[in-house]
Protein chains: 2
Amino acid sequence: MSTIRGARERARIEVTAAIKDEARKQLAEEGAAKLSLRAVARELGMVSSALYRYFPSRDDLLTALIVDAFDAIGAVAEQAAERTEALPPAGRWVAVACAVREWALAHPHEYALIYGSPVPGYIAPTDTVGPASRVGLVLIDIVRSAVLADDLALPPLADELRADAERMAADFAEGVPPEAVAALVAAWAQLFGLISFELFGQFNRVVEAREPLFRQAAGELARSVGLRDSGTA
Amino acid sequence: MSTIRGARERARIEVTAAIKDEARKQLAEEGAAKLSLRAVARELGMVSSALYRYFPSRDDLLTALIVDAFDAIGAVAEQAAERTEALPPAGRWVAVACAVREWALAHPHEYALIYGSPVPGYIAPTDTVGPASRVGLVLIDIVRSAVLADDLALPPLADELRADAERMAADFAEGVPPEAVAALVAAWAQLFGLISFELFGQFNRVVEAREPLFRQAAGELARSVGLRDSGTA
DNA sequence: CGAAAGCAAGAGCACTGCTCTCGTTCTTGG
DNA sequence: CCAAGAACGAGAGCAGTGCTCTTGCTTTCG
């Protein structure tokens with residue numbers, strides 16, 4: 001599959017990429033709200049209606065950017081995990097968290113696009129769920145690789161939570177005990193809460209030492225999912 | 001101050017309130033992106049230009065809604081804290097957290113307005129910082145009221161964080177030890193991370209038992225700031 | 001009472017997303 | 001190989017937006 005049949009198909013791929021690049025550029029400069037199809041077309045030297053041959057609507061363009069952003073932040077997380085494979089799990093956890101945070105700081109508008117308020121009538125197309133889960137899967141993997149070596153003492157689960165935690169474990173975190181899965185999902189959300197507060201201005205006039213605070217909190221989150229600082233393996 | 005001088009002034013207040021109400025209604029239905037000045041004016045039976053006598057721009061209208069939303073969620077938090085004054089601190093913490101979450105679930109678009117991605121060129125007018133800090137102040141108060149009775153064992157702070165934590169304690173959390181202040185600020189962000197993930201769809205197809213998960217995580221966050229479950233007031 | 005300030009209305013500008021039509025160009029099956 | 005058909009870019013146009021400016025009317029107040 002994906003063999004390029006002719007000049008037309010090749011051109012289509014290139015133009016599609018050019019549109020996304022220009023859109024990403026405008027997104028980085030002005031934010032999603034100011035992203036204008038007409039401005040993108042103008043900058044590319046084509047007329048606005050021509051753009052609809054490639055994206056059926058503005059929302060579809062945004063969706064494409066969303067998928068790309070999820071993939072980018074997912075790739076960053078995966079790379080950080082690979083790069084630190086030798087480290088103890090808690091260290092890997094913090095490394096992944098810091099990598100994600102740094103990507104967010106470097107691409108604030110793209111981060112806002114995927115972890116801020118859903119922009120349009122917030123449909124969540126099915127093609128976003130795959131890329132969207134990559135960061136989470138990295139965190140799960142780190143915990144999974146550690147859970148065998150470490151007998152963890154996690155807080156017991158309430159009954160209503162236990163059943164769902166077992167389902168989650170079966171669904172996407174096989175081999176991880178339910179207590180850890182529940183803590184993991186919560187820690188996942190909390191990690192992005194820290195990043196969002198920093199990025200969206202909630203820490204303005206409050207926190208100055210943001211990187212140290214993030215490291216400290218990420219380290220505590222690692223503990224909360226059962227990773228010990230002096231973890232063996 | 002604030003004595004109503006005449007019919008004109010009284011009318012101005014009423015019209016301003018009517019505009020905000022209609023805007024809030026449209027915000028709740030369609031979200032901030034779709035909020036249209038012209039539609040608000042239309043619904044109110046006036047012409048769009050007349051609206052500019054009351055709000056100099058669309059962003060100013062949004063800012064007014066933001067302030068109101070911060071006040072509303074702050075009031076909810078304060079009420080929850082008052083209502084549970086007799087409970088042990090950890091219980092109050094969870095009660096406040098749940099109250100905030102429930103307000104968010106009931107007013108998703110208003111929540112997105114204040115804790116989602118900053119909508120316009122994200123200026124943060126000075127008149128928003130007061131209302132914005134009310135929830136945080138409630139949490140600080142709970143910890144402060146408990147810190148005397150409980151000798152807490154919190155993780156030590158890194159050097160770069162310690163200085164800032166001491167500054168924060170002096171600035172807005174007098175009487176709370178720096179370890180608790182750092183944990184508090186992080187827990188504050190993490191709390192809203194949990195709410196945002198649930199509200200913005202990140203938990204779709206992942207977490208089903210969201211309320212139990214939130215309670216569990218909020219309880220752990222209470223522990224993380226030094227509040228014991230069996231705390232003796 | 002009359003000047004001044006506050007107000008609503010309307011027209012208008014520049015911009016947006018999106019649709020439709022019309023020639024042109026490339027692709028492909030008979 | 002060439003004609004039918006699909007893909008494409010350009011342009012005009014529609015409905016909607018935020019915002020400005022001018023024009024009269026009404027309320028306020030010296």
# chains A, B, ... in the order shown; residues from 1 in each chain; ligands from 1

$ residues_around --residues "DC25 of chain D" --least-positions-apart "3" --cutoff "12 Å" --atoms "only C-alpha atoms (C1' of nucleotides)" --output "list of chain:residue names"
C:DG6, C:DC7, C:DA8, C:DA9

$ closest_atom_pairs --of "chain A" --to "chain C" --cutoff "9 Å" --atoms "only C-alpha atoms (C1' of nucleotides)" --output "Markdown table"
| residue | atom | partner | partner_atom | distance |
| --- | --- | --- | --- | --- |
| A:Gly6 | CA | C:DT27 | C1' | 8.6 |
| A:Ala7 | CA | C:DC26 | C1' | 8.5 |
| A:Arg8 | CA | C:DC26 | C1' | 7.0 |
| A:Ser36 | CA | C:DT16 | C1' | 7.5 |
| A:Leu37 | CA | C:DG17 | C1' | 7.8 |
| A:Arg38 | CA | C:DT16 | C1' | 7.9 |
| A:Ser49 | CA | C:DC18 | C1' | 8.2 |
| A:Tyr52 | CA | C:DC18 | C1' | 8.9 |
| A:Ser57 | CA | C:DG17 | C1' | 8.1 |
| A:Arg58 | CA | C:DG17 | C1' | 7.5 |

$ closest_atom_pairs --of "chain D" --to "chain A" --cutoff "9 Å" --atoms "only C-alpha atoms (C1' of nucleotides)" --output "CSV"
residue,atom,partner,partner_atom,distance
D:DA7,C1',A:Arg8,CA,8.5
D:DC8,C1',A:Arg53,CA,7.9
D:DG9,C1',A:Ala50,CA,5.9
D:DA10,C1',A:Val47,CA,6.9
D:DG11,C1',A:Val47,CA,8.7

$ write_last_selection --atoms "all heavy atoms" --output "short mmCIF file (atom, residue, chain, number, x, y, z; two decimals), in the first residue's frame"
data_model
loop_
_atom_site.label_atom_id
_atom_site.label_comp_id
_atom_site.auth_asym_id
_atom_site.auth_seq_id
_atom_site.Cartn_x
_atom_site.Cartn_y
_atom_site.Cartn_z
P DA D 7 -11.97 11.81 -7.74
OP1 DA D 7 -11.47 10.80 -6.78
OP2 DA D 7 -13.29 12.44 -7.55
"O5'" DA D 7 -10.87 12.96 -7.87
"C5'" DA D 7 -9.56 12.61 -8.33
"C4'" DA D 7 -8.79 13.86 -8.65
"O4'" DA D 7 -9.37 14.50 -9.81
"C3'" DA D 7 -8.79 14.92 -7.53
"O3'" DA D 7 -7.46 15.33 -7.28
"C2'" DA D 7 -9.65 16.05 -8.10
"C1'" DA D 7 -9.40 15.90 -9.60
N9 DA D 7 -10.46 16.43 -10.45
C8 DA D 7 -11.79 16.15 -10.39
N7 DA D 7 -12.52 16.77 -11.30
C5 DA D 7 -11.59 17.52 -12.00
C6 DA D 7 -11.72 18.41 -13.10
N6 DA D 7 -12.87 18.68 -13.69
N1 DA D 7 -10.59 18.98 -13.56
C2 DA D 7 -9.43 18.70 -12.96
N3 DA D 7 -9.18 17.88 -11.93
C4 DA D 7 -10.32 17.32 -11.50
P DC D 8 -7.13 16.23 -6.04
OP1 DC D 8 -5.77 15.87 -5.60
OP2 DC D 8 -8.26 16.15 -5.09
"O5'" DC D 8 -7.08 17.68 -6.68
"C5'" DC D 8 -6.17 17.93 -7.75
"C4'" DC D 8 -6.48 19.25 -8.41
"O4'" DC D 8 -7.74 19.16 -9.11
"C3'" DC D 8 -6.66 20.43 -7.46
"O3'" DC D 8 -5.45 21.17 -7.42
"C2'" DC D 8 -7.81 21.25 -8.08
"C1'" DC D 8 -8.12 20.50 -9.37
N1 DC D 8 -9.55 20.51 -9.76
C2 DC D 8 -9.97 21.32 -10.81
O2 DC D 8 -9.14 22.01 -11.40
N3 DC D 8 -11.28 21.33 -11.18
C4 DC D 8 -12.15 20.55 -10.52
N4 DC D 8 -13.42 20.58 -10.91
C5 DC D 8 -11.74 19.72 -9.44
C6 DC D 8 -10.44 19.72 -9.09
P DG D 9 -5.23 22.27 -6.27
OP1 DG D 9 -3.80 22.25 -5.90
OP2 DG D 9 -6.27 22.06 -5.24
"O5'" DG D 9 -5.54 23.63 -7.05
"C5'" DG D 9 -4.81 23.92 -8.23
"C4'" DG D 9 -5.36 25.18 -8.88
"O4'" DG D 9 -6.68 24.90 -9.42
"C3'" DG D 9 -5.52 26.36 -7.92
"O3'" DG D 9 -5.04 27.53 -8.58
"C2'" DG D 9 -7.02 26.42 -7.65
"C1'" DG D 9 -7.62 25.85 -8.94
N9 DG D 9 -8.87 25.13 -8.74
C8 DG D 9 -9.13 24.18 -7.78
N7 DG D 9 -10.34 23.69 -7.86
C5 DG D 9 -10.91 24.35 -8.93
C6 DG D 9 -12.21 24.24 -9.49
O6 DG D 9 -13.13 23.50 -9.13
N1 DG D 9 -12.38 25.10 -10.56
C2 DG D 9 -11.42 25.96 -11.05
N2 DG D 9 -11.77 26.70 -12.10
N3 DG D 9 -10.20 26.07 -10.54
C4 DG D 9 -10.02 25.25 -9.49
P DA D 10 -5.04 28.95 -7.81
OP1 DA D 10 -3.80 29.63 -8.26
OP2 DA D 10 -5.29 28.72 -6.38
"O5'" DA D 10 -6.29 29.71 -8.44
"C5'" DA D 10 -6.38 29.83 -9.85
"C4'" DA D 10 -7.69 30.48 -10.24
"O4'" DA D 10 -8.76 29.51 -10.05
"C3'" DA D 10 -8.06 31.72 -9.41
"O3'" DA D 10 -8.30 32.80 -10.29
"C2'" DA D 10 -9.30 31.30 -8.65
"C1'" DA D 10 -9.87 30.18 -9.49
N9 DA D 10 -10.61 29.18 -8.73
C8 DA D 10 -10.15 28.45 -7.67
N7 DA D 10 -11.02 27.61 -7.19
C5 DA D 10 -12.15 27.80 -7.98
C6 DA D 10 -13.42 27.21 -7.98
N6 DA D 10 -13.78 26.26 -7.11
N1 DA D 10 -14.31 27.62 -8.91
C2 DA D 10 -13.94 28.58 -9.77
N3 DA D 10 -12.76 29.20 -9.87
C4 DA D 10 -11.91 28.76 -8.94
P DG D 11 -8.39 34.30 -9.75
OP1 DG D 11 -7.86 35.20 -10.80
OP2 DG D 11 -7.82 34.30 -8.39
"O5'" DG D 11 -9.96 34.55 -9.62
"C5'" DG D 11 -10.79 34.39 -10.76
"C4'" DG D 11 -12.24 34.32 -10.32
"O4'" DG D 11 -12.48 33.06 -9.65
"C3'" DG D 11 -12.67 35.41 -9.34
"O3'" DG D 11 -13.53 36.32 -10.03
"C2'" DG D 11 -13.37 34.66 -8.20
"C1'" DG D 11 -13.55 33.26 -8.75
N9 DG D 11 -13.48 32.21 -7.74
C8 DG D 11 -12.41 31.90 -6.92
N7 DG D 11 -12.64 30.89 -6.12
C5 DG D 11 -13.95 30.51 -6.43
C6 DG D 11 -14.75 29.48 -5.89
O6 DG D 11 -14.45 28.67 -5.00
N1 DG D 11 -16.00 29.44 -6.49
C2 DG D 11 -16.43 30.29 -7.48
N2 DG D 11 -17.66 30.10 -7.94
N3 DG D 11 -15.69 31.26 -7.99
C4 DG D 11 -14.47 31.31 -7.43
#

$ interface_residues --of "chain B" --to "chain A" --cutoff "7 Å" --atoms "only C-alpha atoms" --output "list in words"
Ala112, Gly116, Ser117, Pro118, Glu160, Leu161, Asp164, Ala186, Ala189, Gln190, Leu191, Phe192, Gly193, Leu194, Phe197, Phe200, Glu208, Ala209, Pro212, Leu213 and Ala217 of chain B

$ select_by_dssp --residues "segment 38-215 of chain B" --states "alpha helix (DSSP H)" --output "number ranges by chain"
B: 38-43, 58-83, 89-106, 108-115, 129-132, 134-147, 159-172, 178-199, 210-215

$ write_last_selection --atoms "C-alpha atoms" --output "compact mmCIF listing (two decimals), in the first residue's frame"
# COMPACT_ATOMS: atom_id res chain seq x y z
CA ARG B 38 -24.52 39.84 17.69
CA ALA B 39 -26.48 36.78 18.79
CA VAL B 40 -26.62 38.08 22.34
CA ALA B 41 -27.86 41.44 21.13
CA ARG B 42 -30.37 39.79 18.84
CA GLU B 43 -31.76 37.69 21.68
CA ARG B 58 -16.09 40.72 23.09
CA ASP B 59 -13.02 39.89 25.14
CA ASP B 60 -14.21 42.20 27.90
CA LEU B 61 -17.51 40.36 28.01
CA LEU B 62 -15.63 37.09 28.26
CA THR B 63 -13.45 38.52 31.00
CA ALA B 64 -16.55 39.45 32.96
CA LEU B 65 -17.83 35.90 32.58
CA ILE B 66 -14.45 34.58 33.67
CA VAL B 67 -14.51 36.65 36.83
CA ASP B 68 -18.04 35.48 37.59
CA ALA B 69 -17.06 31.87 37.02
CA PHE B 70 -14.06 32.16 39.33
CA ASP B 71 -16.31 33.71 41.93
CA ALA B 72 -18.90 30.98 41.54
CA ILE B 73 -16.45 28.13 41.91
CA GLY B 74 -14.72 29.95 44.75
CA ALA B 75 -18.02 30.39 46.56
CA VAL B 76 -18.81 26.70 46.14
CA ALA B 77 -15.46 25.79 47.66
CA GLU B 78 -15.90 28.18 50.56
CA GLN B 79 -19.37 26.86 51.30
CA ALA B 80 -18.12 23.29 51.32
CA ALA B 81 -15.37 24.28 53.72
CA GLU B 82 -17.78 26.05 56.06
CA ARG B 83 -20.30 23.23 55.95
CA PRO B 89 -9.14 18.25 57.83
CA ALA B 90 -8.72 15.39 55.39
CA GLY B 91 -12.49 15.03 55.18
CA ARG B 92 -12.89 18.75 54.58
CA TRP B 93 -10.26 18.62 51.85
CA VAL B 94 -12.11 15.87 50.03
CA ALA B 95 -15.43 17.64 50.52
CA VAL B 96 -14.09 20.82 48.97
CA ALA B 97 -12.56 18.88 46.11
CA CYS B 98 -15.82 17.08 45.40
CA ALA B 99 -17.78 20.31 45.56
CA VAL B 100 -15.47 21.90 43.03
CA ARG B 101 -15.72 18.86 40.79
CA GLU B 102 -19.48 18.89 40.93
CA TRP B 103 -19.66 22.55 40.02
CA ALA B 104 -17.38 21.81 37.08
CA LEU B 105 -19.57 18.94 35.90
CA ALA B 106 -22.63 21.16 36.17
CA PRO B 108 -18.58 22.49 31.88
CA HIS B 109 -18.25 25.45 29.53
CA GLU B 110 -17.73 27.92 32.34
CA TYR B 111 -15.13 25.59 33.79
CA ALA B 112 -13.43 25.35 30.43
CA LEU B 113 -13.42 29.12 30.26
CA ILE B 114 -11.39 29.46 33.43
CA TYR B 115 -9.33 26.26 33.57
CA VAL B 129 -6.45 37.26 40.07
CA GLY B 130 -8.50 37.88 43.20
CA PRO B 131 -11.47 35.67 42.34
CA ALA B 132 -9.12 33.14 40.76
CA ARG B 134 -10.39 31.76 46.18
CA VAL B 135 -10.33 27.98 45.77
CA GLY B 136 -6.64 27.91 46.53
CA LEU B 137 -7.13 30.00 49.64
CA VAL B 138 -9.76 27.58 50.90
CA LEU B 139 -7.34 24.70 50.54
CA ILE B 140 -4.62 26.67 52.28
CA ASP B 141 -6.94 27.43 55.17
CA ILE B 142 -7.79 23.79 55.65
CA VAL B 143 -4.15 22.86 55.85
CA ARG B 144 -3.35 25.80 58.11
CA SER B 145 -6.08 24.88 60.54
CA ALA B 146 -4.67 21.38 60.74
CA VAL B 147 -0.99 22.00 60.74
CA ASP B 159 17.16 23.37 47.49
CA GLU B 160 15.87 25.27 44.48
CA LEU B 161 12.33 24.60 45.62
CA ARG B 162 12.83 25.34 49.29
CA ALA B 163 13.53 29.05 48.78
CA ASP B 164 10.48 29.56 46.65
CA ALA B 165 8.34 27.54 49.04
CA GLU B 166 9.41 29.78 51.88
CA ARG B 167 8.55 32.83 49.82
CA MET B 168 5.13 31.38 49.00
CA ALA B 169 4.50 30.63 52.65
CA ALA B 170 5.33 34.21 53.52
CA ASP B 171 3.27 35.59 50.64
CA PHE B 172 -0.03 33.81 51.02
CA PRO B 178 7.36 25.23 53.31
CA GLU B 179 7.16 21.48 52.69
CA ALA B 180 3.39 21.69 53.03
CA VAL B 181 3.16 24.79 50.85
CA ALA B 182 5.01 23.11 48.00
CA ALA B 183 2.86 20.01 48.31
CA LEU B 184 -0.21 22.21 48.53
CA VAL B 185 0.45 24.10 45.33
CA ALA B 186 1.15 20.87 43.50
CA ALA B 187 -1.95 19.21 44.92
CA TRP B 188 -4.00 22.23 43.87
CA ALA B 189 -2.90 21.83 40.27
CA GLN B 190 -3.30 18.06 40.40
CA LEU B 191 -6.85 18.36 41.66
CA PHE B 192 -7.82 20.39 38.63
CA GLY B 193 -5.88 18.01 36.43
CA LEU B 194 -8.23 15.24 37.50
CA ILE B 195 -11.28 17.39 36.85
CA SER B 196 -10.02 18.64 33.49
CA PHE B 197 -9.20 15.17 32.23
CA GLU B 198 -12.65 13.97 33.14
CA LEU B 199 -14.38 17.01 31.68
CA ARG B 210 -14.90 8.58 37.73
CA GLU B 211 -16.38 9.78 40.98
CA PRO B 212 -14.78 6.97 43.03
CA LEU B 213 -11.48 7.54 41.31
CA PHE B 214 -11.67 11.24 42.06
CA ARG B 215 -12.49 10.63 45.71
